[in-house]
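The file final-v5.pdb contains PDB, C-alpha atoms:
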```pdb
MODEL        1
ATOM      1  CA  MET A   1     163.806  48.442  92.453
ATOM      2  CA  ASN A   2     161.917  51.053  90.494
ATOM      3  CA  ASN A   3     158.351  52.085  91.223
ATOM      4  CA  SER A   4     156.823  50.464  88.143
ATOM      5  CA  THR A   5     158.228  47.132  89.285
ATOM      6  CA  ILE A   6     156.567  47.533  92.690
ATOM      7  CA  LEU A   7     153.205  48.311  91.104
ATOM      8  CA  ASN A   8     153.532  45.436  88.631
ATOM      9  CA  GLU A   9     154.324  43.007  91.451
ATOM     10  CA  ILE A  10     151.296  44.209  93.397
ATOM     11  CA  LEU A  11     148.968  43.874  90.400
ATOM     12  CA  GLU A  12     150.293  40.409  89.525
ATOM     13  CA  HIS A  13     149.868  39.208  93.102
ATOM     14  CA  ASN A  14     146.390  40.724  93.265
ATOM     15  CA  GLU A  15     145.294  38.955  90.099
ATOM     16  CA  ASN A  16     146.297  35.602  91.614
ATOM     17  CA  PHE A  17     144.778  36.531  94.991
ATOM     18  CA  VAL A  18     141.379  37.142  93.383
ATOM     19  CA  LYS A  19     141.610  34.228  90.938
ATOM     20  CA  ASN A  20     142.377  31.803  93.784
ATOM     21  CA  HIS A  21     139.575  33.197  95.992
ATOM     22  CA  GLU A  22     142.059  33.973  98.794
ATOM     23  CA  TYR A  23     139.833  36.888  99.816
ATOM     24  CA  GLU A  24     137.175  34.511 101.143
ATOM     25  CA  LYS A  25     138.932  34.006 104.489
ATOM     26  CA  TYR A  26     138.821  37.790 105.075
ATOM     27  CA  GLU A  27     135.129  38.338 104.374
ATOM     28  CA  THR A  28     133.382  40.434 107.007
ATOM     29  CA  THR A  29     131.111  43.482 107.241
ATOM     30  CA  LYS A  30     131.967  47.176 107.494
ATOM     31  CA  PHE A  31     130.991  47.128 111.183
ATOM     32  CA  PRO A  32     133.765  46.284 113.666
ATOM     33  CA  ASN A  33     133.109  43.022 115.519
ATOM     34  CA  LYS A  34     134.750  44.372 118.684
ATOM     35  CA  ARG A  35     133.014  47.757 118.349
ATOM     36  CA  MET A  36     136.204  49.812 118.516
ATOM     37  CA  VAL A  37     138.113  52.333 116.473
ATOM     38  CA  ILE A  38     141.890  52.511 116.842
ATOM     39  CA  LEU A  39     144.095  55.455 115.987
ATOM     40  CA  THR A  40     147.705  54.390 115.615
ATOM     41  CA  CYS A  41     150.905  55.204 113.793
ATOM     42  CA  MET A  42     151.705  54.292 110.199
ATOM     43  CA  ASP A  43     155.010  52.710 111.333
ATOM     44  CA  THR A  44     155.842  49.606 109.284
ATOM     45  CA  ARG A  45     156.647  47.587 112.427
ATOM     46  CA  LEU A  46     153.008  47.813 113.520
ATOM     47  CA  LEU A  47     151.452  46.487 110.314
ATOM     48  CA  GLU A  48     151.065  42.946 111.648
ATOM     49  CA  LEU A  49     152.403  43.335 115.204
ATOM     50  CA  LEU A  50     149.672  45.664 116.490
ATOM     51  CA  PRO A  51     146.690  43.476 115.496
ATOM     52  CA  LYS A  52     148.422  40.351 116.844
ATOM     53  CA  ALA A  53     149.368  42.076 120.119
ATOM     54  CA  LEU A  54     145.714  43.160 120.563
ATOM     55  CA  ASN A  55     144.216  39.833 119.418
ATOM     56  CA  LEU A  56     142.500  41.445 116.448
ATOM     57  CA  GLY A  57     141.492  39.715 113.261
ATOM     58  CA  ASN A  58     140.091  41.073 110.024
ATOM     59  CA  GLY A  59     136.795  42.797 110.767
ATOM     60  CA  ASP A  60     137.395  43.335 114.490
ATOM     61  CA  ALA A  61     138.199  47.064 114.538
ATOM     62  CA  LYS A  62     138.279  50.256 112.514
ATOM     63  CA  LEU A  63     141.922  51.221 112.058
ATOM     64  CA  ILE A  64     143.093  54.785 111.382
ATOM     65  CA  LYS A  65     146.799  55.384 110.780
ATOM     66  CA  ASP A  66     148.812  58.559 110.495
ATOM     67  CA  ALA A  67     152.300  59.747 111.319
ATOM     68  CA  GLY A  68     152.598  59.453 115.094
ATOM     69  CA  GLY A  69     149.069  58.245 115.804
ATOM     70  CA  LEU A  70     148.101  61.882 116.408
ATOM     71  CA  VAL A  71     144.964  63.941 116.335
ATOM     72  CA  SER A  72     146.746  67.042 115.087
ATOM     73  CA  HIS A  73     143.609  69.056 114.323
ATOM     74  CA  PRO A  74     140.197  68.745 116.019
ATOM     75  CA  PHE A  75     138.431  69.109 112.665
ATOM     76  CA  GLY A  76     140.903  67.217 110.477
ATOM     77  CA  SER A  77     140.408  63.914 108.691
ATOM     78  CA  VAL A  78     141.526  61.785 111.653
ATOM     79  CA  MET A  79     138.884  63.226 113.986
ATOM     80  CA  ARG A  80     136.279  63.023 111.218
ATOM     81  CA  SER A  81     137.093  59.325 110.766
ATOM     82  CA  ILE A  82     136.743  58.668 114.505
ATOM     83  CA  LEU A  83     133.378  60.410 114.594
ATOM     84  CA  ILE A  84     132.142  58.481 111.533
ATOM     85  CA  ALA A  85     133.254  55.227 113.175
ATOM     86  CA  VAL A  86     131.238  56.110 116.294
ATOM     87  CA  TYR A  87     128.108  57.508 114.637
ATOM     88  CA  GLU A  88     127.837  55.397 111.490
ATOM     89  CA  LEU A  89     129.895  52.243 112.005
ATOM     90  CA  GLN A  90     128.937  51.139 115.533
ATOM     91  CA  ALA A  91     132.270  51.800 117.279
ATOM     92  CA  GLN A  92     131.653  52.144 121.009
ATOM     93  CA  GLU A  93     135.230  52.696 122.220
ATOM     94  CA  VAL A  94     138.257  54.606 120.958
ATOM     95  CA  LEU A  95     141.873  53.540 121.420
ATOM     96  CA  VAL A  96     144.813  55.839 120.723
ATOM     97  CA  ILE A  97     147.921  53.669 120.406
ATOM     98  CA  ALA A  98     151.259  55.364 119.800
ATOM     99  CA  HIS A  99     154.605  53.556 120.011
ATOM    100  CA  TYR A 100     158.075  53.939 121.402
ATOM    101  CA  ASP A 101     160.917  54.798 119.008
ATOM    102  CA  CYS A 102     158.568  56.777 116.767
ATOM    103  CA  GLY A 103     159.915  58.826 113.882
ATOM    104  CA  MET A 104     157.647  61.704 114.936
ATOM    105  CA  SER A 105     159.333  61.825 118.341
ATOM    106  CA  GLY A 106     161.622  64.829 118.363
ATOM    107  CA  LEU A 107     160.902  65.537 114.679
ATOM    108  CA  LYS A 108     161.805  69.102 113.786
ATOM    109  CA  ALA A 109     160.363  70.870 110.757
ATOM    110  CA  GLU A 110     163.651  72.331 109.483
ATOM    111  CA  PRO A 111     165.247  69.062 108.255
ATOM    112  CA  VAL A 112     161.969  68.078 106.569
ATOM    113  CA  ILE A 113     161.779  71.445 104.828
ATOM    114  CA  GLU A 114     165.420  71.117 103.707
ATOM    115  CA  ASN A 115     164.628  67.667 102.299
ATOM    116  CA  MET A 116     161.655  69.170 100.457
ATOM    117  CA  LYS A 117     163.905  71.820  98.925
ATOM    118  CA  GLU A 118     166.419  69.171  97.832
ATOM    119  CA  ARG A 119     163.561  67.390  96.050
ATOM    120  CA  GLY A 120     162.359  70.458  94.163
ATOM    121  CA  ILE A 121     160.039  72.396  96.461
ATOM    122  CA  THR A 122     161.050  76.043  96.208
ATOM    123  CA  GLN A 123     161.480  78.519  99.043
ATOM    124  CA  GLU A 124     158.896  80.609  97.205
ATOM    125  CA  THR A 125     156.316  77.826  97.650
ATOM    126  CA  ILE A 126     157.141  77.539 101.348
ATOM    127  CA  ASP A 127     156.960  81.323 101.764
ATOM    128  CA  THR A 128     153.592  81.381  99.979
ATOM    129  CA  LEU A 129     152.227  78.834 102.479
ATOM    130  CA  ILE A 130     153.588  80.837 105.401
ATOM    131  CA  TYR A 131     152.175  84.106 104.003
ATOM    132  CA  SER A 132     148.825  82.334 103.526
ATOM    133  CA  GLY A 133     148.620  81.632 107.241
ATOM    134  CA  ILE A 134     149.934  78.051 107.237
ATOM    135  CA  ASP A 135     152.343  77.505 110.126
ATOM    136  CA  ILE A 136     154.366  74.904 108.229
ATOM    137  CA  HIS A 137     156.898  74.603 111.045
ATOM    138  CA  GLN A 138     154.184  73.693 113.548
ATOM    139  CA  TRP A 139     152.412  71.472 111.002
ATOM    140  CA  LEU A 140     155.569  69.417 110.406
ATOM    141  CA  HIS A 141     156.696  69.377 114.042
ATOM    142  CA  GLY A 142     156.492  66.018 115.802
ATOM    143  CA  PHE A 143     156.225  65.551 119.549
ATOM    144  CA  ASP A 144     158.725  65.527 122.381
ATOM    145  CA  ASN A 145     157.147  62.923 124.666
ATOM    146  CA  VAL A 146     155.082  59.977 123.419
ATOM    147  CA  THR A 147     153.058  59.652 126.635
ATOM    148  CA  GLU A 148     152.127  63.339 126.579
ATOM    149  CA  SER A 149     151.277  63.030 122.883
ATOM    150  CA  VAL A 150     148.850  60.172 123.628
ATOM    151  CA  GLU A 151     147.304  62.100 126.518
ATOM    152  CA  HIS A 152     146.843  65.129 124.252
ATOM    153  CA  SER A 153     145.125  63.112 121.482
ATOM    154  CA  VAL A 154     142.889  61.348 124.018
ATOM    155  CA  ASP A 155     141.943  64.738 125.474
ATOM    156  CA  ILE A 156     141.048  66.165 122.038
ATOM    157  CA  ILE A 157     138.867  63.137 121.225
ATOM    158  CA  LYS A 158     137.217  62.857 124.649
ATOM    159  CA  HIS A 159     136.343  66.567 124.811
ATOM    160  CA  HIS A 160     135.467  67.083 121.163
ATOM    161  CA  PRO A 161     132.167  68.977 120.919
ATOM    162  CA  LEU A 162     130.738  66.332 118.561
ATOM    163  CA  MET A 163     131.807  63.256 120.570
ATOM    164  CA  PRO A 164     128.836  61.733 122.390
ATOM    165  CA  GLU A 165     128.974  61.251 126.155
ATOM    166  CA  GLY A 166     129.875  57.816 127.430
ATOM    167  CA  ILE A 167     132.398  56.772 124.755
ATOM    168  CA  PRO A 168     135.527  55.492 126.524
ATOM    169  CA  VAL A 169     138.721  56.883 124.992
ATOM    170  CA  HIS A 170     141.810  54.903 125.971
ATOM    171  CA  GLY A 171     145.449  55.819 125.468
ATOM    172  CA  LEU A 172     148.277  53.307 125.142
ATOM    173  CA  VAL A 173     151.873  53.040 123.966
ATOM    174  CA  ILE A 174     153.096  49.856 122.281
ATOM    175  CA  ASP A 175     156.646  48.562 122.133
ATOM    176  CA  PRO A 176     157.357  48.064 118.400
ATOM    177  CA  LYS A 177     159.732  45.185 119.171
ATOM    178  CA  THR A 178     157.725  43.080 121.634
ATOM    179  CA  GLY A 179     154.145  44.336 121.220
ATOM    180  CA  LYS A 180     153.893  45.057 124.961
ATOM    181  CA  LEU A 181     151.228  47.657 125.707
ATOM    182  CA  ASP A 182     151.624  50.325 128.384
ATOM    183  CA  LEU A 183     148.393  51.928 129.550
ATOM    184  CA  VAL A 184     148.512  55.722 129.598
ATOM    185  CA  VAL A 185     144.820  56.607 129.892
ATOM    186  CA  ASP A 186     142.108  54.206 131.082
ATOM    187  CA  GLY A 187     139.005  55.508 129.325
ATOM    188  CA  TYR A 188     136.721  53.699 131.754
ATOM    189  CA  ASN A 189     138.028  55.767 134.655
ATOM    190  CA  ASN A 190     138.636  59.047 132.907
TER     191      ASN A 190
ENDMDL
END
```
Could you quickly redo this structure as structure tokens?
Amino acid sequence: MNNSTILNEILEHNENFVKNHEYEKYETTKFPNKRMVILTCMDTRLLELLPKALNLGNGDAKLIKDAGGLVSHPFGSVMRSILIAVYELQAQEVLVIAHYDCGMSGLKAEPVIENMKERGITQETIDTLIYSGIDIHQWLHGFDNVTESVEHSVDIIKHHPLMPEGIPVHGLVIDPKTGKLDLVVDGYNN
């Protein structure tokens, strides 16, 4: 299937979705009903499983997704989104939910860089980034232990200088097959 076919299918479906008023059953506000913001992984298995496993419907939570469900930089877009959810969108709790069998687990930068080169990124471009102070190997590196990764992200969020006191930050790991949640950090007691 080529990319233009995918886009055409999406646009055709969307036209019918709007024409048939299917959006009406999803109407809500920008404020999360359950007053929470969730950081999780972009894994395809979690698209519907995670909300169902947490009993979430449309409008219940702010959902931030990235590779690994990580806060990789304390002043990056993920942390900014969490802070906006807390200060502007009425989120009162933060959940970091990673998952077992994650593609970021054990990810090494070298194979990713080789794949980039095979797809046209030159060594010169990579060298320019490195010479500019970008540690591309660290930037592309995943994590070795999912529980430690969750603990690390929770710690960054909880102790961020712009995070207000009293916001519980929880850490969990979900099984991408069953939806079972394992508690790593209880934000009420941390």
Once the PyMOL selection byres ((chain A and resi 109-116) around 10) has been evaluated on this model, what residues remain selected, and can you format them as an NGL selection string? :A and (106-108 or 117-123 or 126 or 136-142)
Need the shell around segment 59-66 of chain A: protein/DNA/RNA residues with any atom at most 10 Å away, counting all atoms listed in the file. Skip same-chain ones fewer than 5 positions apart. Format as a PyMOL selection string? chain A and resi 26-43+51+71-72+77-79+81-82+85-86+89-91+93-97
Contact residues around segment 167-176 of chain A with only C-alpha atoms at 9 Å, ignoring same-chain residues under 2 positions, as an MDAnalysis selection string: chainID A and resid 43 45:46 49:50 53 86 91:102 146:147 150:151 153:155 157:158 163:165 178:190
Output C-alpha atoms for every residue in that selection, as a PDB file, in the frame of the given file.
```
ATOM      1  CA  ASP A  43     155.010  52.710 111.333  1.00  0.00           C
ATOM      2  CA  ARG A  45     156.647  47.587 112.427  1.00  0.00           C
ATOM      3  CA  LEU A  46     153.008  47.813 113.520  1.00  0.00           C
ATOM      4  CA  LEU A  49     152.403  43.335 115.204  1.00  0.00           C
ATOM      5  CA  LEU A  50     149.672  45.664 116.490  1.00  0.00           C
ATOM      6  CA  ALA A  53     149.368  42.076 120.119  1.00  0.00           C
ATOM      7  CA  VAL A  86     131.238  56.110 116.294  1.00  0.00           C
ATOM      8  CA  ALA A  91     132.270  51.800 117.279  1.00  0.00           C
ATOM      9  CA  GLN A  92     131.653  52.144 121.009  1.00  0.00           C
ATOM     10  CA  GLU A  93     135.230  52.696 122.220  1.00  0.00           C
ATOM     11  CA  VAL A  94     138.257  54.606 120.958  1.00  0.00           C
ATOM     12  CA  LEU A  95     141.873  53.540 121.420  1.00  0.00           C
ATOM     13  CA  VAL A  96     144.813  55.839 120.723  1.00  0.00           C
ATOM     14  CA  ILE A  97     147.921  53.669 120.406  1.00  0.00           C
ATOM     15  CA  ALA A  98     151.259  55.364 119.800  1.00  0.00           C
ATOM     16  CA  HIS A  99     154.605  53.556 120.011  1.00  0.00           C
ATOM     17  CA  TYR A 100     158.075  53.939 121.402  1.00  0.00           C
ATOM     18  CA  ASP A 101     160.917  54.798 119.008  1.00  0.00           C
ATOM     19  CA  CYS A 102     158.568  56.777 116.767  1.00  0.00           C
ATOM     20  CA  VAL A 146     155.082  59.977 123.419  1.00  0.00           C
ATOM     21  CA  THR A 147     153.058  59.652 126.635  1.00  0.00           C
ATOM     22  CA  VAL A 150     148.850  60.172 123.628  1.00  0.00           C
ATOM     23  CA  GLU A 151     147.304  62.100 126.518  1.00  0.00           C
ATOM     24  CA  SER A 153     145.125  63.112 121.482  1.00  0.00           C
ATOM     25  CA  VAL A 154     142.889  61.348 124.018  1.00  0.00           C
ATOM     26  CA  ASP A 155     141.943  64.738 125.474  1.00  0.00           C
ATOM     27  CA  ILE A 157     138.867  63.137 121.225  1.00  0.00           C
ATOM     28  CA  LYS A 158     137.217  62.857 124.649  1.00  0.00           C
ATOM     29  CA  MET A 163     131.807  63.256 120.570  1.00  0.00           C
ATOM     30  CA  PRO A 164     128.836  61.733 122.390  1.00  0.00           C
ATOM     31  CA  GLU A 165     128.974  61.251 126.155  1.00  0.00           C
ATOM     32  CA  THR A 178     157.725  43.080 121.634  1.00  0.00           C
ATOM     33  CA  GLY A 179     154.145  44.336 121.220  1.00  0.00           C
ATOM     34  CA  LYS A 180     153.893  45.057 124.961  1.00  0.00           C
ATOM     35  CA  LEU A 181     151.228  47.657 125.707  1.00  0.00           C
ATOM     36  CA  ASP A 182     151.624  50.325 128.384  1.00  0.00           C
ATOM     37  CA  LEU A 183     148.393  51.928 129.550  1.00  0.00           C
ATOM     38  CA  VAL A 184     148.512  55.722 129.598  1.00  0.00           C
ATOM     39  CA  VAL A 185     144.820  56.607 129.892  1.00  0.00           C
ATOM     40  CA  ASP A 186     142.108  54.206 131.082  1.00  0.00           C
ATOM     41  CA  GLY A 187     139.005  55.508 129.325  1.00  0.00           C
ATOM     42  CA  TYR A 188     136.721  53.699 131.754  1.00  0.00           C
ATOM     43  CA  ASN A 189     138.028  55.767 134.655  1.00  0.00           C
ATOM     44  CA  ASN A 190     138.636  59.047 132.907  1.00  0.00           C
TER      45      ASN A 190
END
```
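Proximity ranking of A:Gly133, A:Ser4, A:Glu48, A:Asn145 relative to Lys177 of chain A places A:Glu48 first, based on all atoms listed in the file.
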Measure the distance from atom CA of Tyr87 of chain A to atom CA of Lys25 of chain A in Å and round it to one decimal.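 Computed distance, atom CA of Tyr87 of chain A to atom CA of Lys25 of chain A, equals 27.8 Å.
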Expressed in Å to a single decimal, how great is the separation between atom CA of Val18 of chain A and atom CA of Leu54 of chain A?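 These two atoms are separated by 28.2 Å.
Rounded to one decimal, atom CA of Thr5 of chain A and atom CA of Tyr23 of chain A lie 23.5 Å from each other.
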Specify the axis-aligned box that encloses all atoms of segment 179-185 of chain A listed in the file after padding of 3 Å on each side, stating its centre and edge lengths in Å to one decimal as AutoDock Vina command-line options.
```
--center_x 149.5 --center_y 50.5 --center_z 125.6 --size_x 15.3 --size_y 18.3 --size_z 14.7
```
